[in-house]
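Structure data follow from my_file_27.cif (mmCIF, C-alpha atoms):
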```cif
data_target
#
loop_
_atom_site.group_PDB
_atom_site.id
_atom_site.type_symbol
_atom_site.label_atom_id
_atom_site.label_comp_id
_atom_site.auth_asym_id
_atom_site.auth_seq_id
_atom_site.Cartn_x
_atom_site.Cartn_y
_atom_site.Cartn_z
ATOM 1 C CA MET A 47 -32.231 25.764 29.601
ATOM 2 C CA SER A 48 -29.783 28.445 28.503
ATOM 3 C CA GLN A 49 -27.115 29.914 30.753
ATOM 4 C CA ARG A 50 -28.505 31.679 33.811
ATOM 5 C CA GLU A 51 -25.934 33.163 36.128
ATOM 6 C CA LEU A 52 -24.767 36.274 37.940
ATOM 7 C CA VAL A 53 -21.336 37.633 37.061
ATOM 8 C CA VAL A 54 -19.925 39.789 39.866
ATOM 9 C CA LEU A 55 -17.972 42.653 38.326
ATOM 10 C CA GLY A 56 -17.464 44.613 41.546
ATOM 11 C CA SER A 57 -18.412 44.257 45.203
ATOM 12 C CA ALA A 58 -17.090 47.336 47.028
ATOM 13 C CA SER A 59 -19.170 50.130 48.486
ATOM 14 C CA GLN A 60 -18.218 53.807 48.387
ATOM 15 C CA THR A 61 -14.472 53.284 47.915
ATOM 16 C CA PRO A 62 -12.880 50.576 45.764
ATOM 17 C CA THR A 63 -10.066 48.575 47.322
ATOM 18 C CA ARG A 64 -7.163 46.481 46.105
ATOM 19 C CA HIS A 65 -9.468 43.459 46.063
ATOM 20 C CA ARG A 66 -12.873 44.934 45.239
ATOM 21 C CA ASN A 67 -13.923 47.140 42.338
ATOM 22 C CA HIS A 68 -16.852 49.518 42.501
ATOM 23 C CA ASN A 69 -20.259 47.885 42.005
ATOM 24 C CA GLY A 70 -21.178 46.034 38.832
ATOM 25 C CA TYR A 71 -23.304 42.922 38.290
ATOM 26 C CA LEU A 72 -24.213 41.204 35.019
ATOM 27 C CA LEU A 73 -27.219 38.884 35.073
ATOM 28 C CA ARG A 74 -27.067 36.431 32.177
ATOM 29 C CA PHE A 75 -30.555 34.997 31.708
ATOM 30 C CA ASP A 76 -31.106 33.158 28.429
ATOM 31 C CA ARG A 77 -30.955 35.893 25.765
ATOM 32 C CA GLU A 78 -30.944 38.713 28.319
ATOM 33 C CA GLY A 79 -27.826 40.392 29.670
ATOM 34 C CA ILE A 80 -28.851 42.804 32.422
ATOM 35 C CA LEU A 81 -26.140 45.073 33.790
ATOM 36 C CA PHE A 82 -26.889 46.391 37.274
ATOM 37 C CA ASP A 83 -25.262 49.467 38.820
ATOM 38 C CA PRO A 84 -22.188 49.938 36.617
ATOM 39 C CA GLY A 85 -19.690 51.693 38.865
ATOM 40 C CA GLU A 86 -16.324 53.071 37.849
ATOM 41 C CA GLY A 87 -14.178 50.453 36.122
ATOM 42 C CA THR A 88 -17.047 48.322 34.847
ATOM 43 C CA GLN A 89 -15.647 48.187 31.299
ATOM 44 C CA ARG A 90 -12.379 46.694 32.472
ATOM 45 C CA GLN A 91 -14.077 44.284 34.834
ATOM 46 C CA MET A 92 -16.220 42.962 31.989
ATOM 47 C CA ILE A 93 -13.101 42.331 29.923
ATOM 48 C CA LEU A 94 -11.460 40.500 32.836
ATOM 49 C CA ALA A 95 -14.639 38.444 33.290
ATOM 50 C CA GLY A 96 -14.672 37.509 29.600
ATOM 51 C CA ARG A 97 -17.948 39.295 28.897
ATOM 52 C CA SER A 98 -18.650 41.673 26.002
ATOM 53 C CA ALA A 99 -20.782 44.776 25.586
ATOM 54 C CA THR A 100 -22.840 42.980 22.947
ATOM 55 C CA GLU A 101 -24.286 40.794 25.725
ATOM 56 C CA ILE A 102 -25.930 43.781 27.404
ATOM 57 C CA THR A 103 -29.648 44.103 26.665
ATOM 58 C CA ARG A 104 -30.595 46.275 29.655
ATOM 59 C CA ILE A 105 -28.901 48.543 32.175
ATOM 60 C CA CYS A 106 -30.518 48.998 35.599
ATOM 61 C CA VAL A 107 -29.317 51.798 37.864
ATOM 62 C CA THR A 108 -30.641 51.819 41.418
ATOM 63 C CA HIS A 109 -29.555 55.395 42.211
ATOM 64 C CA PHE A 110 -27.053 58.063 41.280
ATOM 65 C CA HIS A 111 -24.364 57.738 43.904
ATOM 66 C CA GLY A 112 -21.019 57.415 42.153
ATOM 67 C CA ASP A 113 -20.187 53.857 43.155
ATOM 68 C CA HIS A 114 -23.364 52.726 41.398
ATOM 69 C CA SER A 115 -23.328 54.893 38.287
ATOM 70 C CA LEU A 116 -19.957 56.419 37.361
ATOM 71 C CA GLY A 117 -19.318 53.536 34.971
ATOM 72 C CA LEU A 118 -22.346 54.504 32.889
ATOM 73 C CA ALA A 119 -20.346 56.928 30.756
ATOM 74 C CA GLY A 120 -17.817 54.345 29.619
ATOM 75 C CA THR A 121 -20.388 51.575 29.285
ATOM 76 C CA ILE A 122 -22.683 53.677 27.100
ATOM 77 C CA GLN A 123 -19.799 54.700 24.854
ATOM 78 C CA ARG A 124 -18.649 51.090 24.632
ATOM 79 C CA LEU A 125 -22.053 50.070 23.273
ATOM 80 C CA SER A 126 -21.440 52.346 20.288
ATOM 81 C CA LEU A 127 -17.763 51.470 19.921
ATOM 82 C CA ASP A 128 -18.680 47.787 19.661
ATOM 83 C CA ASN A 129 -21.667 48.451 17.361
ATOM 84 C CA VAL A 130 -24.117 46.635 19.628
ATOM 85 C CA PRO A 131 -26.869 45.772 17.125
ATOM 86 C CA HIS A 132 -29.888 45.672 19.435
ATOM 87 C CA PRO A 133 -31.547 48.450 21.480
ATOM 88 C CA VAL A 134 -30.400 48.663 25.096
ATOM 89 C CA HIS A 135 -32.979 49.915 27.599
ATOM 90 C CA CYS A 136 -31.592 51.866 30.537
ATOM 91 C CA TYR A 137 -33.675 52.179 33.728
ATOM 92 C CA TYR A 138 -33.009 54.732 36.484
ATOM 93 C CA PRO A 139 -34.873 56.969 38.980
ATOM 94 C CA ALA A 140 -36.572 59.814 37.112
ATOM 95 C CA SER A 141 -35.357 62.312 39.724
ATOM 96 C CA GLY A 142 -31.807 61.588 38.580
ATOM 97 C CA GLN A 143 -32.429 62.580 34.964
ATOM 98 C CA VAL A 144 -29.839 65.355 35.103
ATOM 99 C CA TYR A 145 -27.162 62.891 36.249
ATOM 100 C CA PHE A 146 -28.111 60.373 33.573
ATOM 101 C CA ASP A 147 -27.866 63.053 30.892
ATOM 102 C CA ARG A 148 -24.466 64.199 32.137
ATOM 103 C CA LEU A 149 -23.085 60.674 32.216
ATOM 104 C CA ARG A 150 -24.532 59.761 28.843
ATOM 105 C CA HIS A 151 -22.879 62.767 27.221
ATOM 106 C CA ALA A 152 -19.839 63.056 29.502
ATOM 107 C CA THR A 153 -17.493 63.368 26.497
ATOM 108 C CA SER A 154 -17.685 63.596 22.742
ATOM 109 C CA PHE A 155 -18.223 60.271 20.958
ATOM 110 C CA HIS A 156 -19.925 58.858 17.880
ATOM 111 C CA GLU A 157 -23.213 57.469 19.208
ATOM 112 C CA ARG A 158 -24.186 54.538 17.003
ATOM 113 C CA ALA A 159 -25.875 52.193 19.460
ATOM 114 C CA THR A 160 -29.562 52.617 20.287
ATOM 115 C CA LEU A 161 -29.939 53.503 23.946
ATOM 116 C CA VAL A 162 -33.525 53.712 25.224
ATOM 117 C CA PRO A 163 -33.833 55.740 28.463
ATOM 118 C CA VAL A 164 -36.572 54.545 30.839
ATOM 119 C CA PRO A 165 -36.899 56.941 33.800
ATOM 120 C CA LEU A 166 -38.730 55.348 36.723
ATOM 121 C CA HIS A 167 -41.510 57.259 38.453
ATOM 122 C CA ALA A 168 -43.309 54.682 40.606
ATOM 123 C CA ASP A 169 -43.331 51.130 41.950
ATOM 124 C CA GLY A 170 -44.680 48.311 39.838
ATOM 125 C CA PRO A 171 -44.114 46.378 36.619
ATOM 126 C CA VAL A 172 -41.982 47.965 33.915
ATOM 127 C CA ASP A 173 -42.748 45.199 31.438
ATOM 128 C CA ALA A 174 -43.668 41.509 31.480
ATOM 129 C CA SER A 175 -40.480 40.431 33.271
ATOM 130 C CA LEU A 176 -39.074 43.461 35.100
ATOM 131 C CA SER A 177 -40.603 45.273 38.065
ATOM 132 C CA VAL A 178 -39.268 47.882 40.488
ATOM 133 C CA ALA A 179 -39.896 49.138 44.007
ATOM 134 C CA ALA A 180 -38.631 52.176 45.881
ATOM 135 C CA LEU A 181 -36.046 51.559 48.579
ATOM 136 C CA GLU A 182 -35.220 53.666 51.639
ATOM 137 C CA HIS A 183 -31.987 55.520 50.949
ATOM 138 C CA ARG A 184 -30.701 59.080 51.220
ATOM 139 C CA ILE A 185 -31.695 59.805 47.623
ATOM 140 C CA ASP A 186 -34.274 58.204 45.338
ATOM 141 C CA CYS A 187 -33.359 54.559 44.899
ATOM 142 C CA TYR A 188 -35.145 51.694 43.137
ATOM 143 C CA GLY A 189 -34.550 47.985 43.497
ATOM 144 C CA TYR A 190 -35.246 45.517 40.695
ATOM 145 C CA ARG A 191 -36.987 42.168 40.305
ATOM 146 C CA PHE A 192 -36.568 40.097 37.147
ATOM 147 C CA ALA A 193 -39.101 37.261 36.963
ATOM 148 C CA GLU A 194 -39.512 34.557 34.357
ATOM 149 C CA PRO A 195 -43.177 33.890 33.502
ATOM 150 C CA ASP A 196 -44.627 30.789 35.126
ATOM 151 C CA GLY A 197 -44.846 27.762 32.857
ATOM 152 C CA ARG A 198 -45.597 24.046 32.794
ATOM 153 C CA ARG A 199 -43.390 21.008 33.455
ATOM 154 C CA MET A 200 -44.117 17.957 31.348
ATOM 155 C CA ARG A 201 -44.725 14.683 33.201
ATOM 156 C CA PRO A 202 -43.196 11.731 31.281
ATOM 157 C CA ASP A 203 -45.543 9.234 32.938
ATOM 158 C CA ARG A 204 -48.622 11.193 31.884
ATOM 159 C CA LEU A 205 -47.266 11.706 28.360
ATOM 160 C CA ALA A 206 -46.715 7.963 28.011
ATOM 161 C CA ALA A 207 -50.165 7.132 29.382
ATOM 162 C CA ALA A 208 -51.789 9.547 26.933
ATOM 163 C CA GLY A 209 -49.761 8.232 23.996
ATOM 164 C CA VAL A 210 -48.070 11.580 23.345
ATOM 165 C CA ARG A 211 -44.554 11.065 22.043
ATOM 166 C CA GLY A 212 -41.986 12.426 19.608
ATOM 167 C CA PRO A 213 -42.940 15.560 17.646
ATOM 168 C CA LEU A 214 -46.380 15.571 19.281
ATOM 169 C CA ILE A 215 -44.797 16.749 22.543
ATOM 170 C CA SER A 216 -43.461 19.999 21.072
ATOM 171 C CA GLU A 217 -46.722 20.491 19.188
ATOM 172 C CA LEU A 218 -48.645 20.100 22.458
ATOM 173 C CA GLN A 219 -46.389 22.638 24.176
ATOM 174 C CA ARG A 220 -46.940 25.066 21.325
ATOM 175 C CA ALA A 221 -50.656 24.597 20.673
ATOM 176 C CA GLY A 222 -51.907 23.460 24.083
ATOM 177 C CA VAL A 223 -53.801 20.498 22.625
ATOM 178 C CA VAL A 224 -53.090 17.610 20.207
ATOM 179 C CA SER A 225 -55.104 14.766 18.755
ATOM 180 C CA VAL A 226 -53.971 11.222 19.576
ATOM 181 C CA GLU A 227 -55.891 8.420 17.860
ATOM 182 C CA GLY A 228 -58.957 10.599 17.565
ATOM 183 C CA ARG A 229 -58.817 11.830 21.181
ATOM 184 C CA SER A 230 -57.848 15.336 22.266
ATOM 185 C CA VAL A 231 -55.061 15.605 24.855
ATOM 186 C CA THR A 232 -54.583 18.967 26.572
ATOM 187 C CA LEU A 233 -51.405 20.381 28.042
ATOM 188 C CA ASP A 234 -52.939 20.484 31.530
ATOM 189 C CA GLU A 235 -53.516 16.729 31.432
ATOM 190 C CA VAL A 236 -49.840 15.845 30.999
ATOM 191 C CA SER A 237 -48.054 18.629 32.853
ATOM 192 C CA VAL A 238 -47.908 20.441 36.185
ATOM 193 C CA PRO A 239 -47.366 24.144 36.974
ATOM 194 C CA ARG A 240 -43.760 25.314 37.131
ATOM 195 C CA ALA A 241 -42.941 28.608 38.790
ATOM 196 C CA GLY A 242 -40.620 30.861 36.812
ATOM 197 C CA GLN A 243 -37.197 31.782 38.164
ATOM 198 C CA VAL A 244 -36.898 35.075 40.036
ATOM 199 C CA PHE A 245 -33.853 37.310 40.531
ATOM 200 C CA ALA A 246 -33.971 40.248 42.970
ATOM 201 C CA PHE A 247 -31.526 43.136 43.319
ATOM 202 C CA VAL A 248 -31.700 45.203 46.517
ATOM 203 C CA MET A 249 -29.055 47.853 46.958
ATOM 204 C CA ASP A 250 -28.408 50.777 49.348
ATOM 205 C CA THR A 251 -31.393 50.765 51.662
ATOM 206 C CA ARG A 252 -32.645 50.248 55.166
ATOM 207 C CA LEU A 253 -35.047 47.364 55.734
ATOM 208 C CA CYS A 254 -38.292 48.514 54.143
ATOM 209 C CA PRO A 255 -41.463 47.154 52.487
ATOM 210 C CA GLY A 256 -40.069 47.708 48.992
ATOM 211 C CA ALA A 257 -37.111 45.434 49.700
ATOM 212 C CA VAL A 258 -39.418 42.643 50.906
ATOM 213 C CA THR A 259 -41.650 43.029 47.847
ATOM 214 C CA LEU A 260 -38.691 42.673 45.502
ATOM 215 C CA ALA A 261 -37.168 39.725 47.337
ATOM 216 C CA LYS A 262 -40.355 37.688 47.809
ATOM 217 C CA GLU A 263 -39.600 34.032 47.012
ATOM 218 C CA ALA A 264 -36.625 35.023 44.855
ATOM 219 C CA ASP A 265 -34.406 32.188 43.702
ATOM 220 C CA LEU A 266 -31.383 34.468 43.970
ATOM 221 C CA LEU A 267 -31.412 37.658 46.036
ATOM 222 C CA VAL A 268 -28.523 40.106 45.758
ATOM 223 C CA ALA A 269 -28.542 42.317 48.836
ATOM 224 C CA GLU A 270 -26.143 44.967 50.012
ATOM 225 C CA SER A 271 -24.525 44.220 53.362
ATOM 226 C CA THR A 272 -22.320 47.239 53.838
ATOM 227 C CA PHE A 273 -21.805 46.901 57.598
ATOM 228 C CA LEU A 274 -21.404 44.227 60.233
ATOM 229 C CA ASP A 275 -23.929 44.048 63.048
ATOM 230 C CA ALA A 276 -21.685 45.829 65.547
ATOM 231 C CA ASP A 277 -22.036 48.910 63.347
ATOM 232 C CA GLN A 278 -25.819 48.699 63.037
ATOM 233 C CA ALA A 279 -26.327 52.270 64.287
ATOM 234 C CA LEU A 280 -23.920 53.528 61.643
ATOM 235 C CA ALA A 281 -25.670 51.486 58.964
ATOM 236 C CA HIS A 282 -29.021 52.957 59.954
ATOM 237 C CA SER A 283 -27.708 56.521 59.892
ATOM 238 C CA TYR A 284 -26.323 56.033 56.377
ATOM 239 C CA TYR A 285 -29.434 54.152 55.135
ATOM 240 C CA HIS A 286 -27.671 50.825 54.628
ATOM 241 C CA LEU A 287 -28.105 47.206 55.670
ATOM 242 C CA THR A 288 -25.936 45.135 57.939
ATOM 243 C CA SER A 289 -25.151 41.571 56.940
ATOM 244 C CA ARG A 290 -27.544 40.290 59.599
ATOM 245 C CA GLU A 291 -30.324 42.534 58.259
ATOM 246 C CA ALA A 292 -29.653 41.213 54.757
ATOM 247 C CA GLY A 293 -30.068 37.714 56.153
ATOM 248 C CA ARG A 294 -33.311 38.757 57.828
ATOM 249 C CA LEU A 295 -34.575 40.188 54.539
ATOM 250 C CA ALA A 296 -33.839 36.898 52.779
ATOM 251 C CA ALA A 297 -35.534 34.881 55.532
ATOM 252 C CA GLU A 298 -38.651 37.044 55.787
ATOM 253 C CA SER A 299 -39.124 37.175 52.025
ATOM 254 C CA GLY A 300 -38.673 33.441 51.486
ATOM 255 C CA ALA A 301 -35.651 33.750 49.192
ATOM 256 C CA ARG A 302 -33.818 30.557 48.267
ATOM 257 C CA GLU A 303 -30.236 31.839 48.022
ATOM 258 C CA LEU A 304 -28.592 35.084 49.126
ATOM 259 C CA VAL A 305 -25.659 37.011 47.680
ATOM 260 C CA LEU A 306 -24.011 39.484 50.080
ATOM 261 C CA THR A 307 -22.146 42.409 48.521
ATOM 262 C CA HIS A 308 -21.345 46.159 48.713
ATOM 263 C CA PHE A 309 -18.846 45.650 51.524
ATOM 264 C CA SER A 310 -17.414 48.659 53.331
ATOM 265 C CA GLN A 311 -13.670 49.185 53.021
ATOM 266 C CA ARG A 312 -13.463 49.452 56.818
ATOM 267 C CA TYR A 313 -13.431 45.637 57.085
ATOM 268 C CA PRO A 314 -10.346 43.584 56.104
ATOM 269 C CA TYR A 315 -10.809 41.495 52.963
ATOM 270 C CA ASP A 316 -9.628 38.328 54.682
ATOM 271 C CA GLU A 317 -12.359 38.668 57.316
ATOM 272 C CA ALA A 318 -15.240 38.552 54.844
ATOM 273 C CA GLU A 319 -16.560 35.304 56.333
ATOM 274 C CA ARG A 320 -17.865 37.367 59.245
ATOM 275 C CA PHE A 321 -20.557 38.722 56.901
ATOM 276 C CA ARG A 322 -21.696 35.215 56.024
ATOM 277 C CA ASP A 323 -21.682 34.140 59.676
ATOM 278 C CA GLU A 324 -23.878 37.058 60.724
ATOM 279 C CA ALA A 325 -26.333 36.620 57.848
ATOM 280 C CA ALA A 326 -26.588 32.921 58.724
ATOM 281 C CA LEU A 327 -27.964 33.845 62.148
ATOM 282 C CA GLU A 328 -31.156 34.896 60.314
ATOM 283 C CA PHE A 329 -31.142 32.985 57.012
ATOM 284 C CA LYS A 330 -30.702 29.216 56.718
ATOM 285 C CA GLY A 331 -30.435 29.013 52.932
ATOM 286 C CA GLU A 332 -27.240 29.119 50.904
ATOM 287 C CA ILE A 333 -25.272 32.356 51.303
ATOM 288 C CA HIS A 334 -22.730 33.565 48.738
ATOM 289 C CA LEU A 335 -20.120 36.217 49.442
ATOM 290 C CA ALA A 336 -19.656 38.347 46.331
ATOM 291 C CA VAL A 337 -16.105 38.132 45.005
ATOM 292 C CA ASP A 338 -15.023 40.188 42.013
ATOM 293 C CA LEU A 339 -15.122 38.223 38.736
ATOM 294 C CA ALA A 340 -16.880 35.259 40.362
ATOM 295 C CA THR A 341 -19.865 33.613 38.686
ATOM 296 C CA ILE A 342 -22.877 32.478 40.717
ATOM 297 C CA PRO A 343 -25.415 30.209 38.957
ATOM 298 C CA LEU A 344 -29.106 30.738 39.561
ATOM 299 C CA PRO A 345 -30.528 27.780 41.471
ATOM 300 C CA THR A 346 -32.626 25.613 39.184
ATOM 301 C CA ARG A 347 -36.314 24.991 39.645
ATOM 302 C CA GLN A 348 -37.918 21.636 38.860
#
```
Let's see the structure in the file written out as structure tokens.
Amino acid sequence: MSQRELVVLGSASQTPTRHRNHNGYLLRFDREGILFDPGEGTQRQMILAGRSATEITRICVTHFHGDHSLGLAGTIQRLSLDNVPHPVHCYYPASGQVYFDRLRHATSFHERATLVPVPLHADGPVDASLSVAALEHRIDCYGYRFAEPDGRRMRPDRLAAAGVRGPLISELQRAGVVSVEGRSVTLDEVSVPRAGQVFAFVMDTRLCPGAVTLAKEADLLVAESTFLDADQALAHSYYHLTSREAGRLAAESGARELVLTHFSQRYPYDEAERFRDEAALEFKGEIHLAVDLATIPLPTRQ
């Protein structure tokens, strides 16, 4: 399996701090490099994280508040500066078209990269691996779900019993059936179903059906947790989640691991463990606290 991991480029909410940059998250998934919510400073954060613009295959913007989108201008220009050879699809709420256009052409530059705008109009699949759902925020906001297609896991004991070995194994995986000593052996006979890995990205929202849809049985769920539970009323008024609500979302959706991020500057950096503690009241799986420039591997599936 190729590298599958989340690179945290920024974990602050509205205002960056000395320790946290504006939002930015790079999902590395085999040949895909999906950049989520590039806030201000994303270019520099990618350099510090040792990642290049040529890795980006998609850009996903949840909504057009500045901490989630002001880095688009520099990121788009960097694609051309670095002569990224492949098309980069950019997804965003259709109602924010005017903001996308302004950011894309914020200054004069020589546009050489191929950027493919994909304005989002409704919930559902965007293609075979990416789907979206509307979240409940003060402006139009979409969350994202990236899902690997389900596959099959080969069973060595069944392969041996059927006499399938060596190059015949790859041929069976490719063709679905092979002939062994005059007998046909099908893929179903020597393998079992394997669910594909799922990554979910839920940002700037109250608890809502769309968030649950995105997070359902996700291997890794990234969820904003702007406020602590004591400030739940404030979180609700600003259409955000508390850390405990993020934990509840992970628990109710059956997620395997949870990444908390988008922390308000009102809380001291050295007290971040409080977010984990509150989320753990609802969610018993592994909880990661987003830290700028940290890398979080996707949990493997058997």
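Take atom CA of Pro195 of chain A and atom CA of Ala95 of chain A: the distance between them is 28.9 Å.
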Identify all residues satisfying the PyMOL selection byres ((chain A and resi 326-332) around 6) in the given file; provide them as a PyMOL selection string.
-> chain A and resi 293-294+297+302-303+323-325+333
Name the residues that the PyMOL selection byres ((chain A and resi 142) around 10) picks from the file above, as a list in words, using the file's chain letters and numbers.
-> His109, Phe110, His111, Tyr138, Pro139, Ala140, Ser141, Gln143, Val144, Tyr145, Phe146, Asp147, Pro165, Leu166, Ile185, Asp186 and Cys187 of chain A
Segment 123-190 of chain A near segment 230-250 of chain A within 8 Å: what's each residue's closest atom pair and its distance in Å to one decimal, counting only C-alpha atoms, ordered by chain then ascending residue number, as CSV?
```
residue,atom,partner,partner_atom,distance
A:Leu181,CA,A:Asp250,CA,7.7
A:Glu182,CA,A:Asp250,CA,7.7
A:His183,CA,A:Asp250,CA,6.2
A:Cys187,CA,A:Asp250,CA,7.7
A:Gly189,CA,A:Val248,CA,5.0
A:Tyr190,CA,A:Phe247,CA,5.1
```
Suppose you want the space between atom CA of Gly222 of chain A and atom CA of Gly209 of chain A; what is it in Å?
-> 15.4 Å
If you apply the PyMOL selection byres ((chain A and resi 300) around 9) to this file, what residues do you get, as an mmCIF file with C-alpha atoms, keeping the file's coordinate frame?
```cif
data_model
loop_
_atom_site.group_PDB
_atom_site.id
_atom_site.type_symbol
_atom_site.label_atom_id
_atom_site.label_comp_id
_atom_site.auth_asym_id
_atom_site.auth_seq_id
_atom_site.Cartn_x
_atom_site.Cartn_y
_atom_site.Cartn_z
ATOM 1 C CA ALA A 261 -37.168 39.725 47.337
ATOM 2 C CA LYS A 262 -40.355 37.688 47.809
ATOM 3 C CA GLU A 263 -39.600 34.032 47.012
ATOM 4 C CA ALA A 264 -36.625 35.023 44.855
ATOM 5 C CA ASP A 265 -34.406 32.188 43.702
ATOM 6 C CA LEU A 295 -34.575 40.188 54.539
ATOM 7 C CA ALA A 296 -33.839 36.898 52.779
ATOM 8 C CA ALA A 297 -35.534 34.881 55.532
ATOM 9 C CA GLU A 298 -38.651 37.044 55.787
ATOM 10 C CA SER A 299 -39.124 37.175 52.025
ATOM 11 C CA ALA A 301 -35.651 33.750 49.192
ATOM 12 C CA ARG A 302 -33.818 30.557 48.267
#
```
Padding of 6 Å on every side, edges along x, y and z, all listed atoms of segment 225-244 of chain A included: what centre and edge lengths in Å, to one decimal, does that box have, as lines of an AutoDock Vina configuration file?
```
center_x = -47.9
center_y = 21.7
center_z = 28.8
size_x = 34.1
size_y = 38.7
size_z = 34.5
```
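Restricting the calculation to only C-alpha atoms, the smallest distance between Cys254 of chain A and any of A:Ile342, A:Leu116, A:Val164, A:Ala180 is found for A:Ala180.
Relative to atom CA of Gly170 of chain A, atom CA of Val134 of chain A is found at 20.5 Å.
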Exercise: Arg104 of chain A partners within 10 Å, all atoms listed in the file, chain neighbours under 4 positions left out, as an NGL selection string = :A and (72-73 or 78-82 or 133-137 or 161-162)
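With only C-alpha atoms as the atoms that count, the residue of A:Ala207, A:Ala159, A:Leu266, A:Ala292 with the shortest distance to Pro343 of chain A is A:Leu266.
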What's the 6 Å shell around Gly117 of chain A, counting all atoms listed in the file, without same-chain residues fewer than 5 positions away, as a VMD selection string?
-> chain A and resid 84 to 86 88
Selected residue, from A:Val210, A:Pro314, A:Arg322, A:Ala119, that lies nearest to Arg148 of chain A when counting only C-alpha atoms = A:Ala119
Extract, using only C-alpha atoms, all DNA, RNA and protein residues at most 9 Å from Tyr315 of chain A, discarding same-chain residues fewer than 2 positions from it, and format them as a VMD selection string.
-> chain A and resid 65 to 66 311 313 317 to 318
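Restricting the calculation to all atoms listed in the file, the smallest distance between Asp76 of chain A and any of A:Ile215, A:Leu344, A:Leu176, A:Ala269 is found for A:Leu344.
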Give me the residues within 12 Å of Ser283 of chain A as a PyMOL selection string, counting all atoms listed in the file and dropping any in the same chain fewer than 6 places off.
-> chain A and resi 182-184+251-252+273+277
Among listed residues A:Ala179, A:Thr61, A:Gly96, A:Thr341, nearest Thr259 of chain A (using all atoms listed in the file) = A:Ala179
